[in-house]
Each structure stands twice: as C-alpha cells, then as structure tokens.
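Q: File follows, work23.cif with mmCIF, C-alpha atoms:
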data_coords
loop_
_atom_site.group_PDB
_atom_site.id
_atom_site.type_symbol
_atom_site.label_atom_id
_atom_site.label_comp_id
_atom_site.auth_asym_id
_atom_site.auth_seq_id
_atom_site.Cartn_x
_atom_site.Cartn_y
_atom_site.Cartn_z
ATOM 1 C CA MET A 30 -17.418 6.745 10.156
ATOM 2 C CA PRO A 31 -15.415 7.143 6.961
ATOM 3 C CA ILE A 32 -12.100 5.299 6.903
ATOM 4 C CA MET A 33 -9.820 7.777 5.175
ATOM 5 C CA ARG A 34 -6.571 5.953 4.467
ATOM 6 C CA VAL A 35 -3.884 3.535 5.595
ATOM 7 C CA GLU A 36 -2.408 5.249 8.645
ATOM 8 C CA ARG A 37 0.403 2.964 9.865
ATOM 9 C CA LEU A 38 1.873 -0.443 9.149
ATOM 10 C CA LEU A 39 3.433 -2.440 11.969
ATOM 11 C CA TYR A 40 5.923 -5.121 10.897
ATOM 12 C CA GLY A 41 7.615 -7.847 12.903
ATOM 13 C CA VAL A 42 11.010 -8.479 11.293
ATOM 14 C CA ASP A 43 14.211 -10.494 11.597
ATOM 15 C CA ASP A 44 16.535 -7.480 11.338
ATOM 16 C CA ILE A 45 15.250 -4.021 12.313
ATOM 17 C CA ALA A 46 18.348 -2.184 11.056
ATOM 18 C CA GLU A 47 18.268 -3.844 7.634
ATOM 19 C CA CYS A 48 14.561 -3.158 7.199
ATOM 20 C CA ALA A 49 14.993 0.463 8.300
ATOM 21 C CA ARG A 50 17.727 0.829 5.682
ATOM 22 C CA PHE A 51 15.385 -0.636 3.067
ATOM 23 C CA PHE A 52 12.598 1.841 3.785
ATOM 24 C CA ALA A 53 15.072 4.747 3.970
ATOM 25 C CA ASP A 54 16.412 3.707 0.546
ATOM 26 C CA ALA A 55 12.790 3.535 -0.641
ATOM 27 C CA GLY A 56 12.428 7.223 0.239
ATOM 28 C CA PHE A 57 10.821 7.185 3.696
ATOM 29 C CA VAL A 58 12.042 9.653 6.329
ATOM 30 C CA LEU A 59 13.462 8.076 9.483
ATOM 31 C CA VAL A 60 11.701 9.606 12.503
ATOM 32 C CA ALA A 61 12.764 7.195 15.273
ATOM 33 C CA ALA A 62 15.579 4.674 15.622
ATOM 34 C CA GLU A 63 15.961 2.668 18.822
ATOM 35 C CA GLU A 64 17.386 -0.720 19.681
ATOM 36 C CA ASP A 65 14.005 -2.405 19.646
ATOM 37 C CA ARG A 66 12.079 -0.339 17.061
ATOM 38 C CA ALA A 67 12.352 2.008 14.104
ATOM 39 C CA GLU A 68 9.747 4.312 12.609
ATOM 40 C CA LEU A 69 9.706 5.944 9.174
ATOM 41 C CA ALA A 70 7.244 8.281 7.436
ATOM 42 C CA THR A 71 5.914 9.216 4.006
ATOM 43 C CA GLN A 72 5.494 12.850 2.954
ATOM 44 C CA GLU A 73 1.815 12.617 3.984
ATOM 45 C CA ASN A 74 2.827 11.329 7.443
ATOM 46 C CA GLN A 75 1.876 7.695 7.197
ATOM 47 C CA ARG A 76 4.172 5.528 9.265
ATOM 48 C CA ILE A 77 6.088 2.276 8.950
ATOM 49 C CA ILE A 78 6.865 0.790 12.392
ATOM 50 C CA LEU A 79 9.457 -1.970 12.709
ATOM 51 C CA ARG A 80 9.872 -4.290 15.697
ATOM 52 C CA HIS A 81 11.627 -7.617 16.062
ATOM 53 C CA LYS A 82 9.358 -10.486 15.111
ATOM 54 C CA ASP A 83 9.787 -12.086 18.572
ATOM 55 C CA ASP A 84 8.736 -8.929 20.430
ATOM 56 C CA PRO A 85 5.945 -10.078 22.805
ATOM 57 C CA ARG A 86 4.115 -6.763 22.311
ATOM 58 C CA LEU A 87 3.357 -7.607 18.680
ATOM 59 C CA PRO A 88 0.016 -9.060 17.604
ATOM 60 C CA LYS A 89 0.058 -12.679 16.502
ATOM 61 C CA ALA A 90 1.528 -13.359 13.040
ATOM 62 C CA VAL A 91 -0.505 -15.139 10.363
ATOM 63 C CA GLU A 92 2.603 -16.344 8.507
ATOM 64 C CA ASP A 93 6.189 -17.259 9.384
ATOM 65 C CA GLY A 94 9.164 -14.919 9.094
ATOM 66 C CA SER A 95 9.192 -11.154 8.684
ATOM 67 C CA THR A 96 5.698 -9.920 7.910
ATOM 68 C CA LEU A 97 3.001 -7.328 8.521
ATOM 69 C CA ARG A 98 1.632 -7.782 12.048
ATOM 70 C CA GLU A 99 -0.918 -4.973 12.259
ATOM 71 C CA LEU A 100 -2.659 -2.673 9.778
ATOM 72 C CA TRP A 101 -3.777 0.717 11.114
ATOM 73 C CA TRP A 102 -6.596 2.597 9.399
ATOM 74 C CA GLY A 103 -7.124 6.325 9.851
ATOM 75 C CA VAL A 104 -10.605 7.762 10.439
ATOM 76 C CA GLU A 105 -11.766 11.351 10.182
ATOM 77 C CA LYS A 106 -12.600 12.115 13.831
ATOM 78 C CA SER A 107 -12.693 10.518 17.273
ATOM 79 C CA ALA A 108 -16.477 10.001 17.193
ATOM 80 C CA ASP A 109 -15.923 7.600 14.288
ATOM 81 C CA LEU A 110 -14.066 5.214 16.588
ATOM 82 C CA LYS A 111 -17.173 4.555 18.684
ATOM 83 C CA GLN A 112 -19.158 3.935 15.508
ATOM 84 C CA ILE A 113 -16.591 1.352 14.409
ATOM 85 C CA VAL A 114 -16.921 -0.435 17.741
ATOM 86 C CA GLU A 115 -20.701 -0.451 17.390
ATOM 87 C CA ALA A 116 -20.490 -1.685 13.792
ATOM 88 C CA ILE A 117 -18.035 -4.512 14.488
ATOM 89 C CA GLY A 118 -19.625 -5.500 17.785
ATOM 90 C CA PRO A 119 -18.133 -7.399 20.742
ATOM 91 C CA ALA A 120 -15.049 -8.450 18.731
ATOM 92 C CA ALA A 121 -13.823 -4.818 18.738
ATOM 93 C CA GLU A 122 -11.989 -3.245 21.667
ATOM 94 C CA TYR A 123 -12.174 0.519 22.293
ATOM 95 C CA VAL A 124 -9.221 1.896 24.285
ATOM 96 C CA GLU A 125 -10.618 5.323 25.118
ATOM 97 C CA GLU A 126 -7.552 6.775 26.861
ATOM 98 C CA LYS A 127 -5.451 6.060 23.757
ATOM 99 C CA GLN A 128 -8.238 6.903 21.300
ATOM 100 C CA ILE A 129 -7.798 3.654 19.367
ATOM 101 C CA VAL A 130 -9.917 0.663 18.395
ATOM 102 C CA ARG A 131 -8.501 -2.838 17.998
ATOM 103 C CA ALA A 132 -10.003 -5.764 16.101
ATOM 104 C CA VAL A 133 -8.960 -8.868 14.172
ATOM 105 C CA ASP A 134 -10.258 -9.587 10.670
ATOM 106 C CA PRO A 135 -11.461 -13.051 9.521
ATOM 107 C CA ASN A 136 -7.951 -13.885 8.281
ATOM 108 C CA GLY A 137 -6.304 -13.303 11.653
ATOM 109 C CA LEU A 138 -4.867 -9.919 10.591
ATOM 110 C CA SER A 139 -4.751 -7.492 13.496
ATOM 111 C CA LEU A 140 -6.397 -4.137 12.759
ATOM 112 C CA ARG A 141 -6.197 -0.858 14.598
ATOM 113 C CA PHE A 142 -8.158 2.346 14.012
ATOM 114 C CA GLU A 143 -7.157 5.860 15.039
ATOM 115 C CA VAL A 144 -7.824 9.446 14.008
ATOM 116 C CA SER A 145 -5.892 10.250 10.856
ATOM 117 C CA ASN A 146 -3.023 12.721 11.093
ATOM 118 C CA PRO A 147 -2.092 13.781 7.546
ATOM 119 C CA THR A 148 0.600 16.242 6.529
ATOM 120 C CA PRO A 149 -0.419 17.410 3.033
ATOM 121 C CA ALA A 150 2.476 17.029 0.614
ATOM 122 C CA GLU A 151 3.177 19.798 -1.872
ATOM 123 C CA VAL A 152 3.390 18.429 -5.410
ATOM 124 C CA THR A 153 4.240 20.360 -8.555
ATOM 125 C CA LYS A 154 3.134 18.649 -11.756
ATOM 126 C CA ARG A 155 6.034 18.027 -14.111
ATOM 127 C CA THR A 156 5.468 19.736 -17.457
ATOM 128 C CA SER A 157 5.587 17.833 -20.751
ATOM 129 C CA ASN A 158 5.560 18.434 -24.485
ATOM 130 C CA GLN A 159 3.354 16.693 -27.019
ATOM 131 C CA LEU A 160 3.134 17.997 -30.571
ATOM 132 C CA ARG A 161 1.422 21.413 -30.200
ATOM 133 C CA ASN A 162 0.665 20.904 -26.502
ATOM 134 C CA ILE A 163 3.794 22.619 -25.215
ATOM 135 C CA GLY A 164 4.411 22.813 -21.500
ATOM 136 C CA ARG A 165 8.185 23.180 -21.368
ATOM 137 C CA VAL A 166 10.344 25.612 -23.393
ATOM 138 C CA ASN A 167 14.034 26.358 -22.879
ATOM 139 C CA GLU A 168 14.052 24.020 -19.892
ATOM 140 C CA ARG A 169 15.605 20.588 -19.405
ATOM 141 C CA LEU A 170 14.282 17.950 -17.047
ATOM 142 C CA GLU A 171 16.406 16.939 -14.093
ATOM 143 C CA ALA A 172 16.625 13.487 -12.556
ATOM 144 C CA TYR A 173 14.602 12.662 -9.460
ATOM 145 C CA GLY A 174 17.211 10.152 -8.342
ATOM 146 C CA GLN A 175 15.823 8.514 -5.215
ATOM 147 C CA GLY A 176 12.053 8.110 -5.022
ATOM 148 C CA ARG A 177 10.196 10.082 -2.338
ATOM 149 C CA PRO A 178 6.831 8.406 -1.621
ATOM 150 C CA LEU A 179 3.973 10.841 -1.220
ATOM 151 C CA ARG A 180 1.780 8.300 0.529
ATOM 152 C CA ILE A 181 0.977 4.664 1.123
ATOM 153 C CA VAL A 182 -1.914 4.347 -1.299
ATOM 154 C CA HIS A 183 -2.954 0.728 -0.745
ATOM 155 C CA VAL A 184 -2.205 -2.582 0.913
ATOM 156 C CA ALA A 185 -2.567 -5.906 -0.919
ATOM 157 C CA TYR A 186 -3.143 -8.845 1.393
ATOM 158 C CA ASN A 187 -3.227 -12.551 0.587
ATOM 159 C CA ILE A 188 -6.092 -14.571 2.031
ATOM 160 C CA THR A 189 -7.266 -18.153 1.672
ATOM 161 C CA LYS A 190 -10.074 -18.975 -0.744
ATOM 162 C CA ALA A 191 -12.080 -20.380 2.134
ATOM 163 C CA LYS A 192 -12.063 -16.957 3.855
ATOM 164 C CA ASN A 193 -12.942 -14.861 0.800
ATOM 165 C CA GLU A 194 -16.675 -14.372 1.321
ATOM 166 C CA GLU A 195 -16.355 -13.901 5.086
ATOM 167 C CA SER A 196 -13.587 -11.340 4.535
ATOM 168 C CA LEU A 197 -15.614 -9.396 1.977
ATOM 169 C CA ALA A 198 -18.631 -9.370 4.291
ATOM 170 C CA PHE A 199 -16.460 -7.961 7.106
ATOM 171 C CA TYR A 200 -14.850 -5.186 5.070
ATOM 172 C CA THR A 201 -17.876 -4.166 2.984
ATOM 173 C CA GLY A 202 -20.263 -4.577 5.944
ATOM 174 C CA PRO A 203 -19.252 -2.951 9.242
ATOM 175 C CA LEU A 204 -16.192 -1.202 7.767
ATOM 176 C CA LYS A 205 -18.070 0.121 4.685
ATOM 177 C CA PHE A 206 -15.416 -0.562 2.060
ATOM 178 C CA LYS A 207 -16.746 -0.651 -1.506
ATOM 179 C CA ALA A 208 -15.890 -3.354 -4.038
ATOM 180 C CA VAL A 209 -14.625 -1.460 -7.090
ATOM 181 C CA ASP A 210 -13.472 -4.450 -9.156
ATOM 182 C CA LYS A 211 -14.314 -8.030 -8.183
ATOM 183 C CA VAL A 212 -12.300 -10.727 -9.979
ATOM 184 C CA LEU A 213 -13.885 -14.072 -9.221
ATOM 185 C CA ASP A 214 -10.747 -16.150 -9.750
ATOM 186 C CA THR A 215 -8.338 -13.740 -8.039
ATOM 187 C CA GLY A 216 -9.703 -11.322 -5.444
ATOM 188 C CA THR A 217 -11.426 -7.993 -4.822
ATOM 189 C CA PHE A 218 -10.220 -4.393 -5.031
ATOM 190 C CA LEU A 219 -11.744 -2.429 -2.140
ATOM 191 C CA GLN A 220 -12.113 1.331 -1.749
ATOM 192 C CA SER A 221 -12.433 2.934 1.684
ATOM 193 C CA GLU A 222 -15.464 5.090 2.357
ATOM 194 C CA GLY A 223 -13.438 8.286 2.760
ATOM 195 C CA ASP A 224 -11.438 8.067 -0.478
ATOM 196 C CA ILE A 225 -11.970 7.796 -4.246
ATOM 197 C CA GLU A 226 -8.802 5.818 -4.969
ATOM 198 C CA HIS A 227 -9.324 2.773 -7.200
ATOM 199 C CA HIS A 228 -8.418 0.680 -4.177
ATOM 200 C CA ASN A 229 -6.986 1.146 -0.707
ATOM 201 C CA PHE A 230 -7.107 -2.568 0.061
ATOM 202 C CA PHE A 231 -6.821 -5.625 -2.183
ATOM 203 C CA LEU A 232 -7.880 -9.020 -0.858
ATOM 204 C CA CYS A 233 -6.195 -11.605 -3.078
ATOM 205 C CA PHE A 234 -6.964 -15.331 -2.730
ATOM 206 C CA ARG A 235 -5.189 -16.577 -5.852
ATOM 207 C CA PRO A 236 -2.144 -17.789 -3.832
ATOM 208 C CA ASP A 237 -4.628 -19.462 -1.396
ATOM 209 C CA LYS A 238 -2.594 -18.474 1.650
ATOM 210 C CA ALA A 239 -2.685 -15.684 4.224
ATOM 211 C CA GLY A 240 -0.011 -12.996 4.531
ATOM 212 C CA ILE A 241 1.230 -9.691 3.163
ATOM 213 C CA ASN A 242 1.464 -9.380 -0.609
ATOM 214 C CA HIS A 243 2.636 -5.781 -1.030
ATOM 215 C CA ILE A 244 2.150 -2.149 -0.088
ATOM 216 C CA ALA A 245 1.896 0.547 -2.769
ATOM 217 C CA LEU A 246 3.765 3.842 -2.569
ATOM 218 C CA GLU A 247 2.511 6.705 -4.708
ATOM 219 C CA VAL A 248 5.186 8.892 -6.287
ATOM 220 C CA ARG A 249 4.795 11.850 -8.598
ATOM 221 C CA ASP A 250 4.867 10.369 -12.071
ATOM 222 C CA PHE A 251 6.133 7.719 -14.483
ATOM 223 C CA ASP A 252 9.721 8.991 -14.320
ATOM 224 C CA GLU A 253 9.836 8.767 -10.531
ATOM 225 C CA VAL A 254 8.466 5.206 -10.609
ATOM 226 C CA MET A 255 11.314 4.217 -12.931
ATOM 227 C CA GLU A 256 14.029 6.158 -11.113
ATOM 228 C CA ALA A 257 12.909 4.974 -7.673
ATOM 229 C CA GLY A 258 13.187 1.367 -8.831
ATOM 230 C CA ASN A 259 16.608 2.033 -10.351
ATOM 231 C CA HIS A 260 17.798 3.546 -7.072
ATOM 232 C CA MET A 261 16.656 0.514 -5.105
ATOM 233 C CA ILE A 262 18.518 -1.834 -7.439
ATOM 234 C CA THR A 263 21.628 0.341 -7.153
ATOM 235 C CA GLN A 264 21.378 0.016 -3.356
ATOM 236 C CA GLY A 265 21.378 -3.770 -3.668
ATOM 237 C CA TRP A 266 17.659 -4.564 -3.360
ATOM 238 C CA LYS A 267 15.993 -6.998 -5.743
ATOM 239 C CA GLU A 268 13.218 -6.146 -8.191
ATOM 240 C CA SER A 269 10.350 -8.659 -8.223
ATOM 241 C CA ARG A 270 8.895 -8.123 -11.705
ATOM 242 C CA ARG A 271 9.470 -5.979 -14.771
ATOM 243 C CA PRO A 272 7.892 -2.498 -14.814
ATOM 244 C CA GLY A 273 4.543 -2.049 -16.519
ATOM 245 C CA ARG A 274 1.065 -0.520 -16.330
ATOM 246 C CA HIS A 275 -1.764 -2.404 -14.640
ATOM 247 C CA THR A 276 -5.037 -3.294 -16.336
ATOM 248 C CA LEU A 277 -7.145 -2.746 -13.203
ATOM 249 C CA GLY A 278 -6.203 0.566 -11.624
ATOM 250 C CA SER A 279 -4.327 1.722 -14.751
ATOM 251 C CA ASN A 280 -1.278 2.764 -12.731
ATOM 252 C CA VAL A 281 2.337 2.533 -13.789
ATOM 253 C CA TYR A 282 4.127 0.190 -11.385
ATOM 254 C CA ARG A 283 7.466 -1.190 -10.275
ATOM 255 C CA PHE A 284 7.867 -3.882 -7.575
ATOM 256 C CA VAL A 285 10.785 -4.503 -5.201
ATOM 257 C CA HIS A 286 11.139 -7.350 -2.675
ATOM 258 C CA ASN A 287 10.762 -6.107 0.911
ATOM 259 C CA PRO A 288 12.862 -7.699 3.703
ATOM 260 C CA ALA A 289 10.096 -6.751 6.158
ATOM 261 C CA GLY A 290 7.676 -8.998 4.252
ATOM 262 C CA GLY A 291 6.106 -9.093 0.813
ATOM 263 C CA ARG A 292 7.049 -6.311 -1.586
ATOM 264 C CA ILE A 293 6.717 -2.593 -2.151
ATOM 265 C CA GLU A 294 5.134 -1.252 -5.323
ATOM 266 C CA TYR A 295 5.948 2.213 -6.640
ATOM 267 C CA VAL A 296 2.851 3.580 -8.404
ATOM 268 C CA ALA A 297 1.772 6.682 -10.312
ATOM 269 C CA ASP A 298 -1.309 7.755 -12.265
ATOM 270 C CA MET A 299 -3.836 5.392 -10.678
ATOM 271 C CA ASP A 300 -7.552 5.513 -11.482
ATOM 272 C CA ARG A 301 -9.939 7.350 -9.180
ATOM 273 C CA MET A 302 -13.544 6.159 -8.889
ATOM 274 C CA ASP A 303 -16.157 8.328 -7.177
ATOM 275 C CA LYS A 304 -19.148 6.886 -5.350
ATOM 276 C CA SER A 305 -21.246 6.722 -8.531
ATOM 277 C CA TRP A 306 -18.959 3.950 -9.834
ATOM 278 C CA GLU A 307 -20.737 0.606 -10.152
ATOM 279 C CA THR A 308 -18.812 -2.514 -9.148
ATOM 280 C CA ARG A 309 -17.409 -4.447 -12.095
ATOM 281 C CA VAL A 310 -17.343 -8.228 -11.862
ATOM 282 C CA PHE A 311 -14.924 -10.356 -13.897
ATOM 283 C CA GLU A 312 -15.296 -14.128 -14.130
ATOM 284 C CA LYS A 313 -11.597 -14.419 -14.946
ATOM 285 C CA ASN A 314 -8.656 -12.105 -14.376
ATOM 286 C CA PRO A 315 -8.597 -9.638 -17.303
ATOM 287 C CA GLY A 316 -4.797 -9.635 -17.274
ATOM 288 C CA HIS A 317 -2.197 -8.090 -15.036
ATOM 289 C CA ASN A 318 -0.882 -5.483 -17.466
ATOM 290 C CA ILE A 319 -1.839 -3.105 -20.223
ATOM 291 C CA TRP A 320 1.871 -3.378 -20.973
ATOM 292 C CA MET A 321 5.010 -4.756 -19.359
ATOM 293 C CA LEU A 322 8.566 -3.845 -20.248
ATOM 294 C CA LYS A 323 10.113 -6.241 -22.742
ATOM 295 C CA SER A 324 13.756 -6.594 -23.695
ATOM 296 C CA SER A 325 15.690 -8.509 -26.349
ATOM 297 C CA GLY A 326 18.230 -9.335 -23.643
ATOM 298 C CA SER A 327 21.214 -8.282 -25.770
ATOM 299 C CA ASP A 328 20.956 -4.489 -25.900
ATOM 300 C CA THR A 329 22.880 -2.878 -23.030
ATOM 301 C CA GLY A 330 21.466 0.561 -23.795
ATOM 302 C CA GLU A 331 24.960 2.056 -24.003
ATOM 303 C CA ASN A 332 25.131 2.679 -27.765
#
Here is a file; write its structure as structure tokens.
A:
Amino acid sequence: MPIMRVERLLYGVDDIAECARFFADAGFVLVAAEEDRAELATQENQRIILRHKDDPRLPKAVEDGSTLRELWWGVEKSADLKQIVEAIGPAAEYVEEKQIVRAVDPNGLSLRFEVSNPTPAEVTKRTSNQLRNIGRVNERLEAYGQGRPLRIVHVAYNITKAKNEESLAFYTGPLKFKAVDKVLDTGTFLQSEGDIEHHNFFLCFRPDKAGINHIALEVRDFDEVMEAGNHMITQGWKESRRPGRHTLGSNVYRFVHNPAGGRIEYVADMDRMDKSWETRVFEKNPGHNIWMLKSSGSDTGEN
C-alpha cells in the first residue's frame, strides 16, 4: 500500500481571495474560484484547496486562525485504500463510493487517502559552465521571473513533545513511513514508502505545539528558488528567513510567510535516499544550514 506523495492540502482560512492570490503569486495554477472555495494546482497536479475557516464542512482545527485542516496522501491504486483501513484499524473510515479513506493522526490532524492522480511535468535541465565542463556556448541565460512549482515535495508539521513517540509509531507503523533522519531534540524526517525523497513529512516537536509549520515546493534549480522568492517579495509577501542550503536534506531553500497558515518553502536539489539508507540518529540538531546568506547591510548591490 505504498503512499506515493502529498496529494492535496485543505486549508481553512480567514480570507479565501487573499490566500488564492498568494498561491497564484507563488506559481500555482488557479483551477477553481467560487465564493466559498478556491483550488490551485502544481505542475504535477497536486492541489491546494481553500475554504473559510468557519465552514462547517471542514475537519476540526488543531490551532487557531488560518491553518491546514486536512492532509491528503496519494496511494498507487484503489486496492491500497482497503489495506490502509486494515492497517489503521477501527479509527479509519473507508468511503467506498468516493474511493477515499479518512483518519485522524495522534495530533488531531485530519488525514485523507485517495488514489494519486499525477500529471508528469516536463523539465529541461538548465546548462552550466565550470572550467572545462562546458554546457553552454554562445547562449545567455534568461530570467525565470515567477516561480512555477513542479510539486509539493513535503509537509512539515509541528507536534507536541508529548505526542512524538505516539506519532512516530502511527506513521512508521500502519502507514509505513521510514525515518530517514531522527533528531532527538527536534523531530523526525519521514519518507513515504512509494518515494525516495529525503522526506515527504517532517514531524517537528521543537516548538512544542501542534499546527502547520510549512509546505515545500520544488522548483527547477537554485536560480528559480532565488527568483521565486524575489517575485513574492515584489508582490508584497514577507520572507521568513534568509536563503540558504539545509544541512539535512541538502536542498537550497527560501521561506515565505503564508496567509493560509505557516509558510511555504521553495526548494531545489534535495537529497534522495533509496530503501537501503539506514536511519541516522542525532542527539542534537546538527545545524539548520550548510550556509545561509549573509550581508554587510550597507551594500545595495547597485554599484
């Protein structure tokens, strides 16, 4: 019953129109806009669904304000849904006519499972030059401008310390996620059974509270991470930390505050770990960054 990827994210928000504008600026394609909901998609056809936070159809929130209300995971085929029900047990609900499974994790986060519906994105690798490794001759690079997310690559979710072991048992047990990196004072990076991404889900207890931390959007490369962040700032959205490259996962990143809850993270060049990878355990966090952008604060970059 391999879980393949994040399929959809359902948010309950204060202002649907503002949040739809945010995700459109972030590079999602608007596929539905109604008075009481909006829906936007990545290039690989993962969906963001926005409803008002007081909509009675929404699952219960685990934190106040605009936030993630339900996380949908995509499985390979319909037979996998019955296996998920059997694995989770009586706490799971199988809605056969809709081909979905519903459950709630130990943190109160509503989960939904459905058959994945990907649209493979076409990506051309940008050429580069390095000493005698020449990939580009008589050709100038052009700006990406706005970022165009290929996919939602992972979700980072805050949990309480008290729920850490129970949460890990739930995700690594019946749902068969694998702990790739376990940081004993921070949280655990989890990889879904159907993927080799460094992590598809990060359970973080360092804030010792429950709620959405961020979602990560994969773009093509370093340049698009930087340009996507620049575009968001130009559109009036606020960056949450300086750009850098993570220690765990190795990806280049750039974070922007999300009015729907938490943040978005643009990422590129993340580690892949196949199933031969053995879980690493760190007593203490090995550090957030390999590097983070520094500035003297006086150079405008215009000279």
Q: Considering only C-alpha atoms, return as a count of residues only whatever protein or nucleic-acid residues lie within 9 Å of A:Arg34, sequence-local ones (same chain, fewer than 6 positions apart) excluded.
A: 12
Q: Which one of A:Ala289, A:Glu226, A:Phe231, A:Arg66 sits closest to A:Tyr40 if you count all atoms listed in the file?
A: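 Closest to A:Tyr40, using all atoms listed in the file: A:Ala289.
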Q: Stretch 278-283 of chain A: which residues within 7 Å, counting all atoms listed in the file, same-chain residues fewer than 3 positions away excluded, as a list of chain:residue names?
A: A:His227, A:Phe251, A:Val254, A:Gly258, A:Arg271, A:Pro272, A:Gly273, A:Arg274, A:His275, A:Glu294, A:Tyr295, A:Val296, A:Ala297, A:Asp298, A:Met299, A:Asp300
Q: Write out as a ChimeraX atom specification the residues lying within 8 Å of stretch 208-220 of chain A, counting only C-alpha atoms and excluding same-chain residues fewer than 5 positions away.
A: /A:193,201,225-235,277,302,306-314
Q: Just need the box for stretch 268-276 of chain A, edges along x, y and z, holding every atom the file lists for it with 8 Å tacked onto each side, so centre and edge lengths in Å to one decimal, as lines of an AutoDock Vina configuration file.
A:
center_x = 4.1
center_y = -4.6
center_z = -12.4
size_x = 34.3
size_y = 24.1
size_z = 24.3
Q: Any chance you could resolve the PyMOL selection byres ((chain A and resi 59) around 12) against this file and give the residues as a count of residues only?
A: 29
Q: Since I can't run it myself right now, could you work out what the PyMOL selection byres ((chain A and resi 134) around 12) selects here and report it as a ChimeraX atom specification?
A: /A:91,99-100,117,120-121,131-133,135-141,186,188,192-193,195-200,203-204,232,239
Q: Pick out the closest residue to A:Pro178 from this set: A:Val166, A:Leu39, A:Ile293, A:Val114. Count only C-alpha atoms.
A: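 Under the stated criterion, the closest residue is A:Ile293.
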